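Working notes for the structure below.
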Amino acid sequence: MMGPMASEETRAVPTRTATPPAGGGTAGVPRPQETEPGAHRPRAWATRLVVVGIVLSALNLRPAITSLGALLEEVRDGLGMSGGVAGLLTSVPPLCFAVFGVAAPRLARRFGPAAVVCAGMAAITAGLLVRPYVGGTAGFLAASALALMGIAVSNVLMPVIVKRWFPDKVGSMTGLYSMALALGTSVAAAVTVPLTDALGGGWRDGLAVWAALAAAAVLPWLPLVRDRGPRAPEREHGTARETERERGAAPQHAPLRITRSRTAWALAAFFGLQATAAYVTMGWMPQIFRDAGVPAGTAGVLLAVTMVMGVPLAFVIPRVATRLPHQGPIVLVLGVCGLAGYAGLYLAPAGGAWAWALLLGVSNCAFPLALTMVGMRARSGMGVAQLSAFAQSTGYLISIPGPLLVGVLYQRSGGWGLPIALMAALTVPQMAVGFLAGRDRTVEDEATR
């Protein structure tokens with residue numbers, strides 16, 4: 001679950017990088033030989049600090065969500081939450097990512113990306129420390145939103161920092177960032193319950209302890225808050241236009257009318273439906289297993305297994321996708337895995353728990369596929385940036401009702417049959433729009449007709 005990562009990763013790229021390289025999440029990234037000669041070279045100590053900051057920050061981009069999923073039953077009982085309110089709580093992450101992520105580029109231009117990420121880590125620290133003890137459901141939701149606001153802006157700006165500080169190592173640094181994010185996601189899911197038991201069994205301490213990891217992530221950024229990053233020379237824009245003409249692409253003097261593109265809408269719907277499945281999984285899957293008789297600690301480990309599947313597959317799927325003229329078959333394979341996982345949860349949630357966790361982990365890897373298709377469905381750097389922003393912002397808005405509706409259905413029906421049936425039903429249109437989004441065409445062709 002990388003959150004709005006690609007939108008800024010493409011937004012910071014000069015227009016001249018029209019053709020995305022293989023490998024997905026680095027769509028449109030300039031190759032080393034294309035880096036502008038004029039950007040200053042950072043000092044070695046600052047570079048090391050940035051590496052530490054990237055790793056620690058990535059580790060903190062999901063524990064606020066997955067640690068809550070592991071203790072959701074205790075939180076509900078402790079605060080007297082209804083199933084609907086708990087569903088609202090699981091809908092808060094995509095809402096915050098859609099709302100606050102949009103402000104990240106503007107904040108970065110004014111204060112610098114390092115300063116904004118530093119503030120984001122501080123917001124995560126404060127939110128995680130306060131929310132268990134603030135008292136009442138409203139306070140818990142507000143503190144959670146504060147932490148998620150920090151995650152949202154950091155999600156958007158971390159790839160920008162990677163490209164500013166490591167223009168010739170974007171692939172390896174993005175891989176390091178992705179692995180740290182997946183590690184933080186899975187570890188929080190796996191150890192929150194045992195950690196809570198070790199601290200005396202109180203869910204408040206079990207949630208608040210993750211603030212310490214966020215506080216550690218603030219420290220590497222403090223010496224860098226005044227840094228605005230290397231800047232390319234002013235002549236870059238002219239060079240970009242000339243290079244586009246040399247490559248046969250039309251100069252992009254004005255933004256595309258992206259809403260005219262059927263591919264853009266299909267990709268936005270695909271992004272939103274896969275995000276719905278991901279946040280339902282992170283928020284509710286441990287509870288599904290616990291209600292089926294699986295011990296709380298094991299349920300957390302099962303969620304960790306689902307999340308950790310994204311580590312290897314996030315490298316494999318984009319590479320395969322860029323070698324195919326049509327990514328629809330990959331969409332269908334991932335969708336079938338999701339349908340099989342939901343069928344297993346419906347028929348025998350405890351009996352085949354490990355198999356269902358693995359299948360849903362594979363299905364959730366629609367996220368890196370969506371990011372890869374963003375880079376492949378636009379011809380120019382500006383087109384990639386517009387498509388990424390449109391697909392992700394619209395997609396996160398689409399995903400907001402899903403976890404809430406799951407919570408309402410769970411409360412009204414008293415079981416998981418209807419919520420699981422809903423998720424299986426949503427997988428079908430996800431496969432359909434993903435197949436359409438995978439066709440070999442570009443939004444520039446559609447948006448200019």
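Identifiers in the structure tokens: chain A, B, ... in order shown; residue index from 1 per chain; ligand index from 1 in order shown.
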Handout entry: Distance query Ala269 of chain A at most 10 Å, only C-alpha atoms, self and fewer than 6 positions along chain excluded, as a PyMOL selection string
Key = chain A and resi 263+275+391-392+394-399+429-430+432-434+437
Practice task
Could you give me the residues within segment 174-332 of chain A that DSSP places in helix (DSSP H, G or I), as JSON, numbers by chain?
Solution key: {"A": [174, 175, 176, 177, 178, 179, 180, 181, 182, 183, 184, 185, 186, 187, 188, 189, 190, 191, 192, 193, 194, 195, 196, 197, 198, 203, 204, 205, 206, 207, 208, 210, 211, 212, 213, 214, 215, 216, 217, 218, 219, 220, 221, 222, 223, 224, 236, 237, 238, 239, 240, 241, 242, 243, 244, 245, 246, 247, 258, 259, 260, 262, 263, 264, 265, 266, 267, 268, 269, 270, 271, 272, 273, 274, 275, 276, 277, 278, 279, 280, 281, 282, 283, 284, 285, 286, 287, 288, 289, 290, 291, 296, 297, 298, 299, 300, 301, 302, 303, 304, 305, 306, 307, 308, 310, 311, 312, 313, 314, 315, 316, 317, 318, 319, 320, 321, 328, 329, 330, 331, 332]}
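The nearest approach to Arg131 of chain A among the residues A:Leu303, A:Leu59, A:Leu339, A:Ala211, with only C-alpha atoms taken into account, belongs to A:Ala211.
Between Leu332 of chain A and the candidates A:Leu436, A:Val218, A:Ala188, A:Val311, the tightest atom-to-atom separation, counting only C-alpha atoms, involves A:Leu436.
The interatomic distance for the pair atom CA of Phe270 of chain A and atom CA of Ala370 of chain A works out to 7.4 Å.
Our summary of the geometry notes that atom CA of Pro318 of chain A is positioned 6.7 Å from atom CA of Pro368 of chain A.
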Exercise for the section: Pick out the residues sitting within 7 Å of segment 100-108 of chain A, and hand them over as a list of chain:residue names; count only C-alpha atoms, and ignore anything fewer than 3 positions along from it in its own chain. Expected result: A:Cys96, A:Phe97, A:Phe111, A:Gly112, A:Pro113, A:Val116, A:Met149, A:Ala152, A:Val153, A:Val156, A:Leu157
For those residues, write all heavy atoms to a file as a PDB file, in the first residue's frame.
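Result went into again_15.pdb, see below:
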ATOM      1  N   CYS A  96      -7.800  10.899   4.025  1.00  0.00           N
ATOM      2  CA  CYS A  96      -6.670  11.779   4.331  1.00  0.00           C
ATOM      3  C   CYS A  96      -5.660  11.798   3.191  1.00  0.00           C
ATOM      4  O   CYS A  96      -5.097  12.849   2.866  1.00  0.00           O
ATOM      5  CB  CYS A  96      -6.004  11.333   5.631  1.00  0.00           C
ATOM      6  SG  CYS A  96      -6.991  11.638   7.110  1.00  0.00           S
ATOM      7  N   PHE A  97      -5.421  10.650   2.569  1.00  0.00           N
ATOM      8  CA  PHE A  97      -4.471  10.604   1.466  1.00  0.00           C
ATOM      9  C   PHE A  97      -4.968  11.442   0.291  1.00  0.00           C
ATOM     10  O   PHE A  97      -4.179  12.102  -0.388  1.00  0.00           O
ATOM     11  CB  PHE A  97      -4.238   9.169   1.014  1.00  0.00           C
ATOM     12  CG  PHE A  97      -3.504   8.320   2.014  1.00  0.00           C
ATOM     13  CD1 PHE A  97      -3.445   6.953   1.875  1.00  0.00           C
ATOM     14  CD2 PHE A  97      -2.886   8.885   3.116  1.00  0.00           C
ATOM     15  CE1 PHE A  97      -2.768   6.161   2.795  1.00  0.00           C
ATOM     16  CE2 PHE A  97      -2.211   8.115   4.046  1.00  0.00           C
ATOM     17  CZ  PHE A  97      -2.153   6.745   3.880  1.00  0.00           C
ATOM     18  N   PHE A 111       8.436  25.397   1.539  1.00  0.00           N
ATOM     19  CA  PHE A 111       9.331  25.104   2.667  1.00  0.00           C
ATOM     20  C   PHE A 111      10.454  24.126   2.345  1.00  0.00           C
ATOM     21  O   PHE A 111      11.377  23.978   3.134  1.00  0.00           O
ATOM     22  CB  PHE A 111       8.517  24.539   3.838  1.00  0.00           C
ATOM     23  CG  PHE A 111       7.420  25.441   4.313  1.00  0.00           C
ATOM     24  CD1 PHE A 111       6.096  25.170   4.021  1.00  0.00           C
ATOM     25  CD2 PHE A 111       7.712  26.582   5.044  1.00  0.00           C
ATOM     26  CE1 PHE A 111       5.076  26.004   4.452  1.00  0.00           C
ATOM     27  CE2 PHE A 111       6.707  27.421   5.485  1.00  0.00           C
ATOM     28  CZ  PHE A 111       5.380  27.131   5.185  1.00  0.00           C
ATOM     29  N   GLY A 112      10.362  23.432   1.217  1.00  0.00           N
ATOM     30  CA  GLY A 112      11.334  22.399   0.892  1.00  0.00           C
ATOM     31  C   GLY A 112      10.811  21.029   1.280  1.00  0.00           C
ATOM     32  O   GLY A 112      10.172  20.874   2.334  1.00  0.00           O
ATOM     33  N   PRO A 113      11.076  19.996   0.480  1.00  0.00           N
ATOM     34  CA  PRO A 113      10.541  18.662   0.758  1.00  0.00           C
ATOM     35  C   PRO A 113      11.026  18.084   2.082  1.00  0.00           C
ATOM     36  O   PRO A 113      10.262  17.434   2.798  1.00  0.00           O
ATOM     37  CB  PRO A 113      11.032  17.815  -0.419  1.00  0.00           C
ATOM     38  CG  PRO A 113      11.509  18.751  -1.443  1.00  0.00           C
ATOM     39  CD  PRO A 113      11.807  20.049  -0.792  1.00  0.00           C
ATOM     40  N   VAL A 116       9.046  19.464   4.976  1.00  0.00           N
ATOM     41  CA  VAL A 116       7.673  18.962   5.025  1.00  0.00           C
ATOM     42  C   VAL A 116       7.643  17.519   5.513  1.00  0.00           C
ATOM     43  O   VAL A 116       6.771  17.132   6.309  1.00  0.00           O
ATOM     44  CB  VAL A 116       7.007  19.093   3.638  1.00  0.00           C
ATOM     45  CG1 VAL A 116       5.597  18.524   3.665  1.00  0.00           C
ATOM     46  CG2 VAL A 116       6.971  20.549   3.201  1.00  0.00           C
ATOM     47  N   MET A 149      -2.412  12.572   8.175  1.00  0.00           N
ATOM     48  CA  MET A 149      -1.995  13.745   7.428  1.00  0.00           C
ATOM     49  C   MET A 149      -0.482  13.720   7.224  1.00  0.00           C
ATOM     50  O   MET A 149       0.019  13.999   6.126  1.00  0.00           O
ATOM     51  CB  MET A 149      -2.415  15.015   8.151  1.00  0.00           C
ATOM     52  CG  MET A 149      -1.968  16.301   7.484  1.00  0.00           C
ATOM     53  SD  MET A 149      -2.522  17.781   8.365  1.00  0.00           S
ATOM     54  CE  MET A 149      -1.603  17.609   9.906  1.00  0.00           C
ATOM     55  N   ALA A 152       0.295  11.168   4.628  1.00  0.00           N
ATOM     56  CA  ALA A 152      -0.106  11.575   3.279  1.00  0.00           C
ATOM     57  C   ALA A 152       0.954  12.452   2.617  1.00  0.00           C
ATOM     58  O   ALA A 152       1.356  12.198   1.475  1.00  0.00           O
ATOM     59  CB  ALA A 152      -1.449  12.310   3.341  1.00  0.00           C
ATOM     60  N   VAL A 153       1.410  13.500   3.315  1.00  0.00           N
ATOM     61  CA  VAL A 153       2.394  14.395   2.695  1.00  0.00           C
ATOM     62  C   VAL A 153       3.734  13.693   2.516  1.00  0.00           C
ATOM     63  O   VAL A 153       4.432  13.916   1.520  1.00  0.00           O
ATOM     64  CB  VAL A 153       2.551  15.692   3.509  1.00  0.00           C
ATOM     65  CG1 VAL A 153       1.249  16.479   3.522  1.00  0.00           C
ATOM     66  CG2 VAL A 153       3.019  15.425   4.934  1.00  0.00           C
ATOM     67  N   VAL A 156       3.719  11.375  -0.579  1.00  0.00           N
ATOM     68  CA  VAL A 156       3.850  12.093  -1.839  1.00  0.00           C
ATOM     69  C   VAL A 156       5.279  12.569  -2.070  1.00  0.00           C
ATOM     70  O   VAL A 156       5.792  12.504  -3.192  1.00  0.00           O
ATOM     71  CB  VAL A 156       2.879  13.288  -1.869  1.00  0.00           C
ATOM     72  CG1 VAL A 156       3.154  14.192  -3.060  1.00  0.00           C
ATOM     73  CG2 VAL A 156       1.436  12.804  -1.905  1.00  0.00           C
ATOM     74  N   LEU A 157       5.952  13.032  -1.024  1.00  0.00           N
ATOM     75  CA  LEU A 157       7.236  13.712  -1.200  1.00  0.00           C
ATOM     76  C   LEU A 157       8.450  12.806  -1.092  1.00  0.00           C
ATOM     77  O   LEU A 157       9.532  13.189  -1.547  1.00  0.00           O
ATOM     78  CB  LEU A 157       7.360  14.844  -0.172  1.00  0.00           C
ATOM     79  CG  LEU A 157       6.354  15.976  -0.348  1.00  0.00           C
ATOM     80  CD1 LEU A 157       6.537  17.017   0.745  1.00  0.00           C
ATOM     81  CD2 LEU A 157       6.495  16.622  -1.723  1.00  0.00           C
TER      82      LEU A 157
END
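Proximity to Ala180 of chain A was assessed for A:Gly344, A:Gly402, A:Pro419, A:Gly53 counting only C-alpha atoms; the smallest distance is recorded for A:Gly53.
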Exercise for the section: Find the residues near Leu183 of chain A: any atom within 10 Å, counting only C-alpha atoms, skip ones fewer than 6 places away on the same chain, and give them as JSON, numbers by chain. Expected result: {"A": [58, 59, 60, 62, 63, 177, 189, 304, 307, 308, 310, 311]}
Go ahead and save the picked residues with all heavy atoms, as a PDB file, in the first residue's frame.
ATOM      1  N   ALA A  58       9.954   5.624   5.638  1.00  0.00           N
ATOM      2  CA  ALA A  58       9.177   4.576   4.971  1.00  0.00           C
ATOM      3  C   ALA A  58       8.646   3.558   5.975  1.00  0.00           C
ATOM      4  O   ALA A  58       7.525   3.055   5.830  1.00  0.00           O
ATOM      5  CB  ALA A  58      10.037   3.884   3.913  1.00  0.00           C
ATOM      6  N   LEU A  59       9.435   3.251   6.992  1.00  0.00           N
ATOM      7  CA  LEU A  59       8.981   2.313   8.022  1.00  0.00           C
ATOM      8  C   LEU A  59       7.735   2.822   8.745  1.00  0.00           C
ATOM      9  O   LEU A  59       6.969   2.029   9.306  1.00  0.00           O
ATOM     10  CB  LEU A  59      10.097   2.073   9.042  1.00  0.00           C
ATOM     11  CG  LEU A  59      11.275   1.217   8.594  1.00  0.00           C
ATOM     12  CD1 LEU A  59      12.375   1.245   9.654  1.00  0.00           C
ATOM     13  CD2 LEU A  59      10.836  -0.227   8.341  1.00  0.00           C
ATOM     14  N   ASN A  60       7.514   4.142   8.731  1.00  0.00           N
ATOM     15  CA  ASN A  60       6.412   4.744   9.489  1.00  0.00           C
ATOM     16  C   ASN A  60       5.175   5.055   8.652  1.00  0.00           C
ATOM     17  O   ASN A  60       4.225   5.637   9.178  1.00  0.00           O
ATOM     18  CB  ASN A  60       6.900   6.043  10.147  1.00  0.00           C
ATOM     19  CG  ASN A  60       7.699   5.792  11.407  1.00  0.00           C
ATOM     20  OD1 ASN A  60       7.142   5.518  12.454  1.00  0.00           O
ATOM     21  ND2 ASN A  60       9.023   5.867  11.288  1.00  0.00           N
ATOM     22  N   ARG A  62       2.898   3.033   7.358  1.00  0.00           N
ATOM     23  CA  ARG A  62       1.736   2.160   7.476  1.00  0.00           C
ATOM     24  C   ARG A  62       1.426   1.650   8.890  1.00  0.00           C
ATOM     25  O   ARG A  62       0.294   1.200   9.115  1.00  0.00           O
ATOM     26  CB  ARG A  62       1.872   0.959   6.527  1.00  0.00           C
ATOM     27  CG  ARG A  62       1.812   1.295   5.054  1.00  0.00           C
ATOM     28  CD  ARG A  62       0.500   1.917   4.649  1.00  0.00           C
ATOM     29  NE  ARG A  62       0.471   2.230   3.211  1.00  0.00           N
ATOM     30  CZ  ARG A  62       0.841   3.370   2.690  1.00  0.00           C
ATOM     31  NH1 ARG A  62       1.276   4.347   3.470  1.00  0.00           N
ATOM     32  NH2 ARG A  62       0.780   3.582   1.392  1.00  0.00           N
ATOM     33  N   PRO A  63       2.353   1.665   9.855  1.00  0.00           N
ATOM     34  CA  PRO A  63       2.018   1.129  11.179  1.00  0.00           C
ATOM     35  C   PRO A  63       0.812   1.782  11.837  1.00  0.00           C
ATOM     36  O   PRO A  63       0.093   1.120  12.590  1.00  0.00           O
ATOM     37  CB  PRO A  63       3.298   1.384  11.994  1.00  0.00           C
ATOM     38  CG  PRO A  63       4.390   1.305  10.986  1.00  0.00           C
ATOM     39  CD  PRO A  63       3.811   1.946   9.760  1.00  0.00           C
ATOM     40  N   TYR A 177      13.274   2.039  -0.456  1.00  0.00           N
ATOM     41  CA  TYR A 177      12.099   2.703   0.116  1.00  0.00           C
ATOM     42  C   TYR A 177      10.896   1.759   0.137  1.00  0.00           C
ATOM     43  O   TYR A 177      10.192   1.639   1.151  1.00  0.00           O
ATOM     44  CB  TYR A 177      11.810   3.952  -0.724  1.00  0.00           C
ATOM     45  CG  TYR A 177      10.417   4.516  -0.611  1.00  0.00           C
ATOM     46  CD1 TYR A 177      10.069   5.346   0.429  1.00  0.00           C
ATOM     47  CD2 TYR A 177       9.461   4.230  -1.585  1.00  0.00           C
ATOM     48  CE1 TYR A 177       8.792   5.878   0.522  1.00  0.00           C
ATOM     49  CE2 TYR A 177       8.191   4.760  -1.502  1.00  0.00           C
ATOM     50  CZ  TYR A 177       7.862   5.576  -0.444  1.00  0.00           C
ATOM     51  OH  TYR A 177       6.600   6.089  -0.356  1.00  0.00           O
ATOM     52  N   ALA A 189       1.756  -5.186  11.814  1.00  0.00           N
ATOM     53  CA  ALA A 189       0.636  -6.125  11.882  1.00  0.00           C
ATOM     54  C   ALA A 189       0.981  -7.349  12.716  1.00  0.00           C
ATOM     55  O   ALA A 189       0.140  -7.867  13.457  1.00  0.00           O
ATOM     56  CB  ALA A 189       0.230  -6.546  10.466  1.00  0.00           C
ATOM     57  N   ALA A 304       0.157  -9.712   8.399  1.00  0.00           N
ATOM     58  CA  ALA A 304       1.544  -9.433   8.020  1.00  0.00           C
ATOM     59  C   ALA A 304       1.943 -10.235   6.789  1.00  0.00           C
ATOM     60  O   ALA A 304       2.639  -9.730   5.896  1.00  0.00           O
ATOM     61  CB  ALA A 304       2.472  -9.756   9.186  1.00  0.00           C
ATOM     62  N   MET A 307       0.510  -8.549   3.768  1.00  0.00           N
ATOM     63  CA  MET A 307       1.218  -7.324   3.425  1.00  0.00           C
ATOM     64  C   MET A 307       2.620  -7.588   2.867  1.00  0.00           C
ATOM     65  O   MET A 307       3.072  -6.908   1.953  1.00  0.00           O
ATOM     66  CB  MET A 307       1.329  -6.426   4.661  1.00  0.00           C
ATOM     67  CG  MET A 307       0.009  -5.935   5.223  1.00  0.00           C
ATOM     68  SD  MET A 307      -0.883  -4.835   4.087  1.00  0.00           S
ATOM     69  CE  MET A 307      -2.158  -5.952   3.481  1.00  0.00           C
ATOM     70  N   VAL A 308       3.302  -8.582   3.406  1.00  0.00           N
ATOM     71  CA  VAL A 308       4.685  -8.820   2.997  1.00  0.00           C
ATOM     72  C   VAL A 308       4.771  -9.414   1.597  1.00  0.00           C
ATOM     73  O   VAL A 308       5.834  -9.377   0.970  1.00  0.00           O
ATOM     74  CB  VAL A 308       5.402  -9.728   4.023  1.00  0.00           C
ATOM     75  CG1 VAL A 308       5.119 -11.207   3.759  1.00  0.00           C
ATOM     76  CG2 VAL A 308       6.903  -9.466   4.033  1.00  0.00           C
ATOM     77  N   GLY A 310       3.772  -8.063  -0.882  1.00  0.00           N
ATOM     78  CA  GLY A 310       4.074  -6.943  -1.758  1.00  0.00           C
ATOM     79  C   GLY A 310       5.554  -6.689  -1.953  1.00  0.00           C
ATOM     80  O   GLY A 310       5.920  -5.977  -2.893  1.00  0.00           O
ATOM     81  N   VAL A 311       6.410  -7.246  -1.098  1.00  0.00           N
ATOM     82  CA  VAL A 311       7.846  -6.975  -1.234  1.00  0.00           C
ATOM     83  C   VAL A 311       8.406  -7.591  -2.511  1.00  0.00           C
ATOM     84  O   VAL A 311       8.936  -6.880  -3.370  1.00  0.00           O
ATOM     85  CB  VAL A 311       8.618  -7.456   0.014  1.00  0.00           C
ATOM     86  CG1 VAL A 311      10.105  -7.251  -0.169  1.00  0.00           C
ATOM     87  CG2 VAL A 311       8.122  -6.717   1.249  1.00  0.00           C
TER      88      VAL A 311
END
Completion exercise
Shortest contact to Gly352 of chain A, candidates A:Leu422, A:Leu72, A:Val294, A:Leu128, atoms counted only C-alpha atoms, goes to A:Val294
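Computed from the coordinates, the atom CA of Gly69 of chain A to atom CA of Thr281 of chain A distance equals 8.8 Å.
If only C-alpha atoms are the atoms counted, then among A:Leu88, A:Pro93, A:Gly361, A:Ala296 the closest residue to Ser186 of chain A is A:Gly361.
Nearest residue to Leu49 of chain A, choosing from A:Ala217, A:Met285, A:Leu71, A:Ala190 and counting only C-alpha atoms: A:Ala217.
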Handout entry: Residues within 12 Å of Tyr342 of chain A, only C-alpha atoms, excluding chain neighbours under 5 positions, as a ChimeraX atom specification
Key = /A:277,280-281,285,288,335-337,347-349,352-353,355-361,363,416-427
Problem - Residue contacts of Ile400 of chain A (7 Å, only C-alpha atoms) excluding same-chain residues fewer than 5 positions away, as a ChimeraX atom specification - result: /A:91,94-95
Hey, can you spit out that residue selection with C-alpha atoms as an mmCIF file, in the first residue's frame?
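The new file result_20.cif reads:
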data_model
loop_
_atom_site.group_PDB
_atom_site.id
_atom_site.type_symbol
_atom_site.label_atom_id
_atom_site.label_comp_id
_atom_site.auth_asym_id
_atom_site.auth_seq_id
_atom_site.Cartn_x
_atom_site.Cartn_y
_atom_site.Cartn_z
ATOM 1 C CA SER A 91 -12.158 4.846 5.729
ATOM 2 C CA PRO A 94 -7.841 7.026 1.939
ATOM 3 C CA LEU A 95 -9.771 10.209 2.780
#
Practice task
Might you pull out every residue within 12 Å of Ala64 of chain A, with only C-alpha atoms counted and same-chain residues fewer than 3 positions away left off, and present them as a count of residues only?
Solution key: 51
